[in-house]
>>> print(open('start-v7.txt').read())   # compact mmCIF, C-alpha atoms
# COMPACT_ATOMS: atom_id res chain seq x y z
CA MET A 293 168.22 -52.17 58.37
CA SER A 294 165.60 -53.66 60.73
CA ARG A 295 166.00 -53.61 64.50
CA PRO A 296 166.91 -56.93 66.17
CA ASP A 297 163.62 -56.84 68.06
CA ALA A 298 161.50 -56.03 65.01
CA ALA A 299 158.65 -58.39 64.21
CA PRO A 300 159.66 -60.92 61.55
CA TYR A 301 158.29 -60.53 58.05
CA VAL A 302 155.31 -62.79 57.38
CA ASP A 303 153.87 -63.15 53.90
CA PRO A 304 150.54 -61.21 53.89
CA GLN A 305 148.50 -64.19 52.66
CA ILE A 306 150.11 -66.41 55.30
CA ALA A 307 149.32 -63.76 57.94
CA GLU A 308 145.63 -64.05 57.06
CA ILE A 309 145.76 -67.84 57.41
CA LEU A 310 147.52 -67.57 60.77
CA ALA A 311 144.96 -65.04 62.03
CA GLU A 312 142.10 -67.37 61.09
CA ALA A 313 143.79 -70.28 62.85
CA ALA A 314 144.31 -68.19 65.98
CA ALA A 315 140.65 -67.14 65.97
CA ALA A 316 139.56 -70.77 65.69
CA ALA A 317 141.44 -71.53 68.93
CA ARG A 318 141.99 -75.21 68.25
CA PRO A 319 143.35 -77.28 71.15
CA ASP A 320 147.11 -77.74 71.38
CA ARG A 321 147.77 -81.15 69.83
CA THR A 322 150.13 -82.10 72.63
CA THR A 323 147.16 -82.00 75.04
CA LEU A 324 145.17 -84.47 72.92
CA SER A 325 145.35 -88.21 72.61
CA VAL A 326 147.19 -89.43 69.52
CA ASP A 327 143.89 -90.49 67.92
CA GLU A 328 142.36 -87.07 68.63
CA ALA A 329 145.43 -85.31 67.21
CA ARG A 330 145.22 -87.40 64.04
CA ALA A 331 141.55 -86.59 63.64
CA GLN A 332 142.28 -82.89 64.16
CA MET A 333 144.99 -82.88 61.49
CA ALA A 334 142.78 -84.76 59.06
CA ALA A 335 139.97 -82.23 59.58
CA ASP A 336 142.33 -79.26 59.30
CA ASN A 337 143.82 -80.54 56.06
CA ARG A 338 140.52 -81.41 54.42
CA VAL A 339 139.88 -77.81 53.40
CA TRP A 340 143.41 -77.46 51.98
CA ASN A 341 142.92 -80.52 49.78
CA GLU A 342 139.95 -79.04 47.91
CA PRO A 343 139.70 -78.93 45.00
CA LEU A 344 141.77 -81.95 44.03
CA PRO A 345 143.52 -81.60 40.67
CA PRO A 346 142.36 -84.36 38.31
CA MET A 347 144.67 -87.28 37.55
CA ALA A 348 144.53 -89.49 34.48
CA GLU A 349 144.81 -92.65 36.60
CA ILE A 350 144.77 -93.40 40.32
CA GLU A 351 145.74 -96.83 41.61
CA SER A 352 145.74 -98.26 45.13
CA HIS A 353 148.04 -101.11 46.11
CA GLU A 354 149.07 -102.93 49.27
CA VAL A 355 152.79 -103.58 49.45
CA PRO A 356 154.16 -106.45 51.57
CA GLY A 357 155.80 -104.84 54.58
CA PRO A 358 157.96 -105.92 57.50
CA ALA A 359 154.91 -105.92 59.80
CA ASN A 360 151.70 -105.29 57.83
CA PRO A 361 150.76 -104.52 54.24
CA ILE A 362 151.67 -100.92 53.38
CA PRO A 363 149.00 -98.92 51.50
CA VAL A 364 150.32 -96.95 48.53
CA ARG A 365 148.56 -94.76 46.01
CA ILE A 366 149.94 -94.15 42.52
CA LEU A 367 148.91 -90.86 40.93
CA ARG A 368 149.51 -90.70 37.17
CA PRO A 369 149.08 -87.26 35.57
CA VAL A 370 148.88 -88.86 32.10
CA ALA A 371 147.91 -92.37 31.02
CA THR A 372 151.26 -93.11 29.42
CA PRO A 373 153.42 -96.18 30.11
CA GLY A 374 156.96 -95.62 31.31
CA LEU A 375 156.44 -92.54 33.48
CA ALA A 376 159.22 -91.44 35.80
CA VAL A 377 158.55 -92.05 39.50
CA ILE A 378 158.41 -89.85 42.60
CA PRO A 379 157.92 -91.90 45.77
CA TYR A 380 156.38 -89.36 48.18
CA ILE A 381 156.70 -89.57 51.98
CA HIS A 382 154.14 -87.39 53.75
CA GLY A 383 154.77 -85.24 56.79
CA GLY A 384 153.02 -85.10 60.13
CA GLY A 385 155.75 -85.42 62.73
CA PHE A 386 156.03 -89.21 62.31
CA VAL A 387 152.75 -89.39 64.30
CA LEU A 388 150.09 -87.76 62.13
CA GLY A 389 149.16 -87.53 58.47
CA SER A 390 148.47 -89.90 55.61
CA ILE A 391 148.36 -90.01 51.84
CA ASP A 392 144.90 -88.45 52.19
CA THR A 393 146.07 -85.40 54.17
CA HIS A 394 148.70 -84.69 51.48
CA GLN A 395 146.65 -85.66 48.45
CA ARG A 396 146.49 -82.23 46.76
CA LEU A 397 150.20 -81.61 47.25
CA MET A 398 151.06 -84.96 45.68
CA ARG A 399 148.73 -84.36 42.73
CA LEU A 400 150.15 -80.91 42.09
CA LEU A 401 153.65 -82.39 42.15
CA ALA A 402 152.59 -85.05 39.64
CA ALA A 403 151.10 -82.39 37.37
CA GLU A 404 154.20 -80.16 37.65
CA THR A 405 156.68 -82.94 36.88
CA GLY A 406 154.77 -85.25 34.55
CA ALA A 407 155.87 -88.13 36.78
CA ALA A 408 153.84 -90.72 38.64
CA VAL A 409 153.75 -89.85 42.34
CA VAL A 410 153.62 -92.84 44.67
CA GLY A 411 152.24 -91.89 48.09
CA ILE A 412 153.36 -94.13 50.95
CA ASP A 413 151.18 -94.73 54.04
CA TYR A 414 153.97 -95.85 56.35
CA ARG A 415 153.40 -96.90 59.96
CA LEU A 416 153.17 -94.08 62.49
CA ALA A 417 154.53 -93.56 65.99
CA PRO A 418 154.04 -94.05 68.89
CA GLU A 419 152.49 -97.41 67.99
CA ALA A 420 155.39 -98.00 65.58
CA PRO A 421 158.42 -95.88 66.56
CA PHE A 422 161.77 -95.71 64.76
CA PRO A 423 162.72 -97.55 62.61
CA ALA A 424 159.24 -98.81 61.59
CA GLY A 425 158.30 -95.92 59.27
CA LEU A 426 161.71 -95.98 57.63
CA ASP A 427 161.52 -99.76 57.15
CA ASP A 428 158.13 -99.37 55.45
CA CYS A 429 159.43 -96.69 53.07
CA LEU A 430 162.40 -98.86 52.13
CA ALA A 431 160.06 -101.79 51.54
CA VAL A 432 158.03 -99.69 49.09
CA LEU A 433 161.19 -98.64 47.24
CA ARG A 434 162.18 -102.31 46.89
CA TRP A 435 158.65 -103.13 45.67
CA LEU A 436 158.80 -100.41 43.03
CA GLN A 437 162.07 -101.81 41.72
CA ALA A 438 160.69 -105.37 41.64
CA GLU A 439 157.29 -104.48 40.13
CA ALA A 440 158.35 -101.73 37.73
CA GLY A 441 157.47 -103.79 34.67
CA ASN A 442 154.01 -104.72 35.91
CA LEU A 443 153.38 -101.13 37.02
CA GLU A 444 154.71 -99.75 33.72
CA LEU A 445 156.94 -97.27 35.55
CA ASP A 446 160.48 -96.24 34.68
CA VAL A 447 162.24 -96.68 38.02
CA ALA A 448 165.58 -95.75 36.45
CA ARG A 449 164.11 -92.22 36.48
CA MET A 450 163.23 -91.90 40.15
CA VAL A 451 163.43 -88.92 42.50
CA LEU A 452 162.45 -89.35 46.13
CA ALA A 453 160.46 -86.59 47.85
CA GLY A 454 158.99 -85.80 51.25
CA ASP A 455 157.94 -82.96 53.52
CA SER A 456 158.73 -82.32 57.19
CA ALA A 457 159.00 -85.75 58.87
CA GLY A 458 158.71 -87.20 55.37
CA ALA A 459 161.84 -85.27 54.36
CA ASN A 460 163.63 -86.86 57.31
CA LEU A 461 162.50 -90.31 56.17
CA ALA A 462 163.45 -89.61 52.55
CA LEU A 463 166.96 -88.57 53.58
CA ALA A 464 167.23 -91.61 55.85
CA CYS A 465 166.20 -93.83 52.91
CA LEU A 466 169.06 -92.40 50.84
CA LEU A 467 171.53 -93.00 53.66
CA SER A 468 170.31 -96.57 54.14
CA LEU A 469 170.49 -97.38 50.43
CA ARG A 470 173.98 -95.88 50.23
CA ASP A 471 175.19 -97.83 53.24
CA GLN A 472 173.82 -101.08 51.77
CA GLY A 473 175.56 -100.42 48.47
CA LEU A 474 172.23 -100.32 46.62
CA ALA A 475 171.25 -98.14 43.68
CA LEU A 476 170.27 -94.61 44.65
CA PRO A 477 167.52 -92.50 43.07
CA LEU A 478 168.63 -89.72 40.76
CA GLY A 479 168.02 -87.28 43.58
CA ALA A 480 165.61 -86.17 46.26
CA ALA A 481 163.44 -83.16 47.06
CA LEU A 482 163.31 -82.46 50.80
CA PHE A 483 160.74 -79.92 51.91
CA TYR A 484 161.19 -78.10 55.27
CA GLY A 485 162.49 -81.21 57.03
CA CYS A 486 163.26 -82.05 60.66
CA TYR A 487 166.73 -83.56 60.70
CA TRP A 488 167.73 -83.71 64.37
CA ALA A 489 165.93 -83.61 67.70
CA ARG A 490 167.31 -80.25 68.82
CA LEU A 491 164.85 -77.64 70.00
CA GLY A 492 167.37 -75.00 71.06
CA THR A 493 168.27 -73.65 67.62
CA GLU A 494 167.86 -69.96 66.85
CA SER A 495 164.86 -70.61 64.59
CA HIS A 496 163.14 -72.59 67.37
CA GLN A 497 163.79 -69.73 69.78
CA GLN A 498 162.44 -67.16 67.32
CA PHE A 499 159.43 -68.99 65.89
CA GLY A 500 158.64 -71.93 68.18
CA ASP A 501 156.02 -70.32 70.43
CA GLY A 502 153.10 -71.61 68.35
CA SER A 503 152.40 -68.38 66.48
CA TYR A 504 153.73 -69.73 63.20
CA ARG A 505 151.74 -72.96 62.73
CA LEU A 506 154.26 -75.37 64.31
CA SER A 507 155.50 -75.04 67.89
CA SER A 508 158.69 -76.31 69.50
CA ARG A 509 156.54 -78.01 72.11
CA GLU A 510 154.69 -79.90 69.39
CA MET A 511 157.97 -80.81 67.68
CA GLY A 512 159.30 -82.20 70.97
CA TRP A 513 156.12 -84.27 71.33
CA PHE A 514 156.66 -85.68 67.85
CA TRP A 515 160.31 -86.55 68.52
CA GLN A 516 159.45 -88.22 71.82
CA HIS A 517 156.93 -90.48 70.10
CA TYR A 518 159.14 -91.26 67.10
CA LEU A 519 162.50 -91.86 68.73
CA GLY A 520 161.14 -94.19 71.40
CA ALA A 521 163.74 -96.25 73.23
CA GLU A 522 166.11 -96.77 70.29
CA GLY A 523 166.10 -93.77 68.02
CA ARG A 524 167.79 -90.90 69.84
CA GLY A 525 171.27 -90.29 68.53
CA GLN A 526 170.84 -92.74 65.64
CA PRO A 527 171.93 -91.25 62.28
CA LEU A 528 168.99 -92.83 60.43
CA ALA A 529 166.59 -91.20 62.91
CA GLU A 530 168.45 -87.88 63.10
CA PRO A 531 170.17 -87.60 59.70
CA LEU A 532 172.18 -84.53 60.64
CA LEU A 533 174.25 -86.93 62.76
CA ALA A 534 175.13 -88.98 59.67
CA ASP A 535 178.02 -88.88 57.21
CA LEU A 536 176.35 -87.29 54.18
CA ALA A 537 179.02 -88.06 51.58
CA GLY A 538 178.02 -89.97 48.48
CA LEU A 539 174.41 -88.81 48.24
CA PRO A 540 172.77 -87.86 44.94
CA PRO A 541 171.75 -84.25 44.16
CA LEU A 542 169.24 -82.77 46.59
CA PHE A 543 166.70 -79.95 46.43
CA LEU A 544 165.92 -78.33 49.80
CA ASN A 545 163.45 -75.64 50.76
CA TYR A 546 162.17 -73.91 53.88
CA GLY A 547 160.14 -70.93 55.02
CA THR A 548 161.92 -68.20 56.97
CA VAL A 549 159.39 -68.16 59.85
CA ASP A 550 159.55 -71.88 60.58
CA PRO A 551 161.02 -73.21 63.85
CA LEU A 552 162.68 -75.92 61.70
CA ALA A 553 164.38 -73.43 59.35
CA ASP A 554 167.77 -74.00 60.97
CA ASP A 555 167.49 -77.75 60.36
CA THR A 556 167.54 -77.11 56.62
CA ARG A 557 170.23 -74.43 56.87
CA GLU A 558 172.42 -76.83 58.84
CA LEU A 559 171.77 -79.63 56.36
CA ALA A 560 172.80 -77.36 53.48
CA ALA A 561 176.04 -76.43 55.27
CA ARG A 562 176.87 -80.08 55.90
CA LEU A 563 176.08 -81.04 52.32
CA ASP A 564 178.53 -78.33 51.23
CA ALA A 565 181.19 -79.81 53.47
CA ALA A 566 180.47 -83.33 52.17
CA GLY A 567 180.64 -82.24 48.53
CA VAL A 568 177.01 -83.15 47.77
CA VAL A 569 175.36 -81.18 44.97
CA HIS A 570 172.30 -79.37 46.28
CA ASP A 571 170.00 -76.41 45.77
CA CYS A 572 168.59 -74.78 48.90
CA ARG A 573 165.73 -72.29 48.56
CA ALA A 574 164.48 -69.99 51.33
CA TYR A 575 161.00 -68.47 50.97
CA PRO A 576 160.54 -65.23 52.92
CA GLY A 577 157.62 -65.07 55.29
CA LEU A 578 156.43 -68.66 54.79
CA VAL A 579 155.62 -71.00 57.67
CA HIS A 580 156.11 -74.70 58.21
CA GLY A 581 153.98 -76.83 55.90
CA PHE A 582 153.53 -74.09 53.31
CA LEU A 583 153.20 -76.52 50.40
CA GLN A 584 149.86 -77.53 51.91
CA LEU A 585 148.66 -73.92 51.60
CA THR A 586 149.07 -73.37 47.86
CA LYS A 587 145.38 -72.69 47.18
CA ARG A 588 145.57 -69.43 49.17
CA CYS A 589 149.25 -68.44 49.06
CA ASP A 590 150.82 -67.36 45.79
CA LEU A 591 154.38 -67.70 47.07
CA ALA A 592 153.69 -71.23 48.29
CA LEU A 593 152.39 -72.14 44.82
CA LEU A 594 155.52 -70.63 43.28
CA ALA A 595 157.61 -72.71 45.70
CA LEU A 596 155.82 -75.86 44.56
CA GLN A 597 156.50 -74.93 40.94
CA ASP A 598 160.18 -74.38 41.82
CA ALA A 599 160.27 -77.85 43.39
CA GLY A 600 158.67 -79.34 40.30
CA ALA A 601 161.25 -77.67 38.06
CA ALA A 602 164.09 -78.99 40.25
CA ILE A 603 162.69 -82.53 40.11
CA ARG A 604 162.28 -82.31 36.34
CA GLY A 605 165.93 -81.32 36.14
CA MET A 606 166.99 -84.33 38.18
CA LEU A 607 164.83 -86.67 36.10
CA GLY A 608 166.28 -85.27 32.91
CA ALA A 609 169.85 -85.81 34.07
CA LEU A 610 169.84 -89.53 33.19
>>> encode(input="start-v7.txt", output="C-alpha cells")
Amino acid sequence: MSRPDAAPYVDPQIAEILAEAAAAARPDRTTLSVDEARAQMAADNRVWNEPLPPMAEIESHEVPGPANPIPVRILRPVATPGLAVIPYIHGGGFVLGSIDTHQRLMRLLAAETGAAVVGIDYRLAPEAPFPAGLDDCLAVLRWLQAEAGNLELDVARMVLAGDSAGANLALACLLSLRDQGLALPLGAALFYGCYWARLGTESHQQFGDGSYRLSSREMGWFWQHYLGAEGRGQPLAEPLLADLAGLPPLFLNYGTVDPLADDTRELAARLDAAGVVHDCRAYPGLVHGFLQLTKRCDLALLALQDAGAAIRGMLGAL
C-alpha cells in the first residue's frame, strides 16, 4: 500500500513527454494574450498531428450559424454512402483549439469506428462567451439533420463526441436537445471533460500545479473567459448542475493524473443516480488531453481504441 504522500504514478511514456515540456519552458498561457495563447496551442499541437492518417474523402462546409457561418470538416474513412456520423467538438478550454489542432484525433476516431467524423469550428471565448459555442454546435446538429440526404450520411446512426471543453459542449447539446423534446443521438463519448467551474476538488489539489499538462490556474482562466456575465451557475454551461435524467448511453474516460479527473468521477456518480447507462474508464498515469498524445503513448492509443469500440457499440444498437 502506497504512502499518502507518495508521488502519483505517471505512465513512463507520459513522464518523458512531461519532462520535455518542462525543459522547453513555454510561457504560462494565462500570462499571454488570447491570440498568443491560441498560436502557442496551435504550434504545440502541430507535432502531435503528424503524420495524419489518410481519409478516403475530406469535405469542408460552412454551416449557417446564429452569428457567422460555422466551418465544419467531414472526414470519411471510406467513400461509401450512408456512413454513420460522429459530430466532434474539439477541446481547448472554450478559448483555444480548432478542427486543425485536433485533426489527427478526429481521423483516428473515424478510422476506428468506420463513421464519418464531422469536426465543428465553433466560436470561441472571450470574444463569444457562453452560450455562443453551444449555439453553434446545436446549429451544426440541425444542419446535419436537414442536409443528411445531400451529404449521404445516416444521421439516424449518430453519436456525439468531444474532449475537455468539447465534452462539456457535447453534454450540454444533449441536455438542450432533451429539454426541447428533440431527437437525441444514440449516445455520446465524452473525453476528460470539464463539467463545472470548481477548482477546489481533490484532483485539482493533487494535480493542478501545472506539472501534469493542465493547471488549475489555466482552467480558471478558461472558465472566466467562457462563463462571462451570464454563464456561471447555468446548467448548460456547467452540466454537473443539470438534471441528467433521460440522456442516452454515455462513454466517459479520464486520466488519473488530471486536475479534471474528479469532474468525470462526479459525472459518473450523478449518471448512476439518474439511471443513465454509462461506461466510465480510468487510465492510470495519463494526463489531461491524452488522446492528443497517441503517437508516443501506447496506453493513450489503447484508450482511443476503447473509445472507438464503445462508439461502434452505440452505433450498432439501432
>>> residues_around(input="start-v7.txt", residues="segment 310-317 of chain A", least_positions_apart="5", cutoff="8 Å", atoms="only C-alpha atoms", output="list of chain:residue names")
A:Ser503, A:Tyr504, A:Arg505
>>> write_last_selection(input="start-v7.txt", atoms="C-alpha atoms", output="PDB file, in the frame of the given file")
ATOM      1  CA  SER A 503     152.400 -68.380  66.480  1.00  0.00           C
ATOM      2  CA  TYR A 504     153.730 -69.730  63.200  1.00  0.00           C
ATOM      3  CA  ARG A 505     151.740 -72.960  62.730  1.00  0.00           C
TER       4      ARG A 505
END
>>> closest_residue(input="start-v7.txt", among="A:Gly502, A:Gly525, A:Gly389, A:Gly608", to="Leu478 of chain A", atoms="all atoms listed in the file")
A:Gly608
>>> closest_residue(input="start-v7.txt", among="A:Ala376, A:Leu443, A:Ala521, A:Leu461", to="Ala408 of chain A", atoms="only C-alpha atoms")
A:Ala376
>>> atom_distance(input="start-v7.txt", atom1="atom CA of Leu482 of chain A", atom2="atom CA of Asp455 of chain A")
6.0 Å
>>> residues_near_point(input="start-v7.txt", point="(171.5, -93.7, 64.8)", cutoff="12 Å", atoms="all atoms listed in the file", output="JSON, numbers by chain")
{"A": [422, 423, 464, 467, 468, 487, 488, 489, 519, 521, 522, 523, 524, 525, 526, 527, 528, 529, 530, 531, 532, 533, 534, 535]}
>>> decode(input="start-v7.txt", residues="segment 293-320 of chain A", atoms="N, CA and C atoms", output="CSV table (one decimal), in the first residue's frame")
chain,number,residue,atom,x,y,z
A,293,MET,N,0.9,-1.2,0.0
A,293,MET,CA,0.0,0.0,0.0
A,293,MET,C,0.9,1.2,0.0
A,294,SER,N,0.6,2.2,-0.9
A,294,SER,CA,1.5,3.4,-1.0
A,294,SER,C,1.2,4.4,0.1
A,295,ARG,N,2.2,5.2,0.5
A,295,ARG,CA,2.0,6.2,1.5
A,295,ARG,C,1.2,7.3,0.9
A,296,PRO,N,0.4,8.0,1.7
A,296,PRO,CA,-0.4,9.1,1.2
A,296,PRO,C,0.4,10.2,0.5
A,297,ASP,N,1.7,10.4,1.0
A,297,ASP,CA,2.5,11.4,0.4
A,297,ASP,C,3.3,10.9,-0.8
A,298,ALA,N,3.1,9.7,-1.2
A,298,ALA,CA,3.9,9.1,-2.3
A,298,ALA,C,3.6,9.8,-3.6
A,299,ALA,N,4.6,10.0,-4.4
A,299,ALA,CA,4.4,10.6,-5.8
A,299,ALA,C,3.4,9.8,-6.5
A,300,PRO,N,2.5,10.4,-7.3
A,300,PRO,CA,1.5,9.7,-8.0
A,300,PRO,C,2.1,8.9,-9.2
A,301,TYR,N,1.5,7.8,-9.6
A,301,TYR,CA,2.0,7.1,-10.7
A,301,TYR,C,1.8,7.8,-12.0
A,302,VAL,N,2.8,8.0,-12.8
A,302,VAL,CA,2.7,8.6,-14.1
A,302,VAL,C,3.2,7.6,-15.2
A,303,ASP,N,2.4,7.3,-16.2
A,303,ASP,CA,2.8,6.4,-17.2
A,303,ASP,C,4.2,6.8,-17.7
A,304,PRO,N,5.1,5.9,-17.9
A,304,PRO,CA,6.5,6.2,-18.3
A,304,PRO,C,6.6,7.0,-19.6
A,305,GLN,N,5.8,6.7,-20.6
A,305,GLN,CA,5.9,7.4,-21.8
A,305,GLN,C,5.4,8.9,-21.6
A,306,ILE,N,4.3,9.0,-20.8
A,306,ILE,CA,3.8,10.3,-20.5
A,306,ILE,C,4.9,11.1,-19.7
A,307,ALA,N,5.6,10.4,-18.8
A,307,ALA,CA,6.6,11.1,-18.0
A,307,ALA,C,7.7,11.7,-18.9
A,308,GLU,N,8.1,11.0,-20.0
A,308,GLU,CA,9.0,11.6,-20.9
A,308,GLU,C,8.5,12.8,-21.6
A,309,ILE,N,7.2,12.8,-22.0
A,309,ILE,CA,6.6,13.9,-22.6
A,309,ILE,C,6.5,15.1,-21.7
A,310,LEU,N,6.2,14.9,-20.4
A,310,LEU,CA,6.2,16.0,-19.5
A,310,LEU,C,7.5,16.6,-19.2
A,311,ALA,N,8.6,15.7,-19.2
A,311,ALA,CA,9.9,16.2,-19.0
A,311,ALA,C,10.4,17.1,-20.1
A,312,GLU,N,10.0,16.7,-21.3
A,312,GLU,CA,10.4,17.5,-22.5
A,312,GLU,C,9.7,18.9,-22.5
A,313,ALA,N,8.4,18.8,-22.1
A,313,ALA,CA,7.6,20.1,-22.0
A,313,ALA,C,8.2,21.0,-20.9
A,314,ALA,N,8.6,20.4,-19.8
A,314,ALA,CA,9.2,21.2,-18.7
A,314,ALA,C,10.6,21.8,-19.2
A,315,ALA,N,11.3,21.1,-19.9
A,315,ALA,CA,12.6,21.6,-20.4
A,315,ALA,C,12.4,22.7,-21.4
A,316,ALA,N,11.3,22.7,-22.2
A,316,ALA,CA,11.1,23.7,-23.2
A,316,ALA,C,10.7,25.0,-22.5
A,317,ALA,N,10.2,25.0,-21.3
A,317,ALA,CA,9.9,26.2,-20.5
A,317,ALA,C,9.0,27.2,-21.3
A,318,ARG,N,7.9,26.7,-21.8
A,318,ARG,CA,7.0,27.6,-22.5
A,318,ARG,C,6.3,28.5,-21.5
A,319,PRO,N,5.9,29.7,-22.0
A,319,PRO,CA,5.3,30.7,-21.1
A,319,PRO,C,3.9,30.1,-20.6
A,320,ASP,N,3.5,30.4,-19.4
A,320,ASP,CA,2.2,30.1,-18.9
A,320,ASP,C,1.2,30.8,-19.8
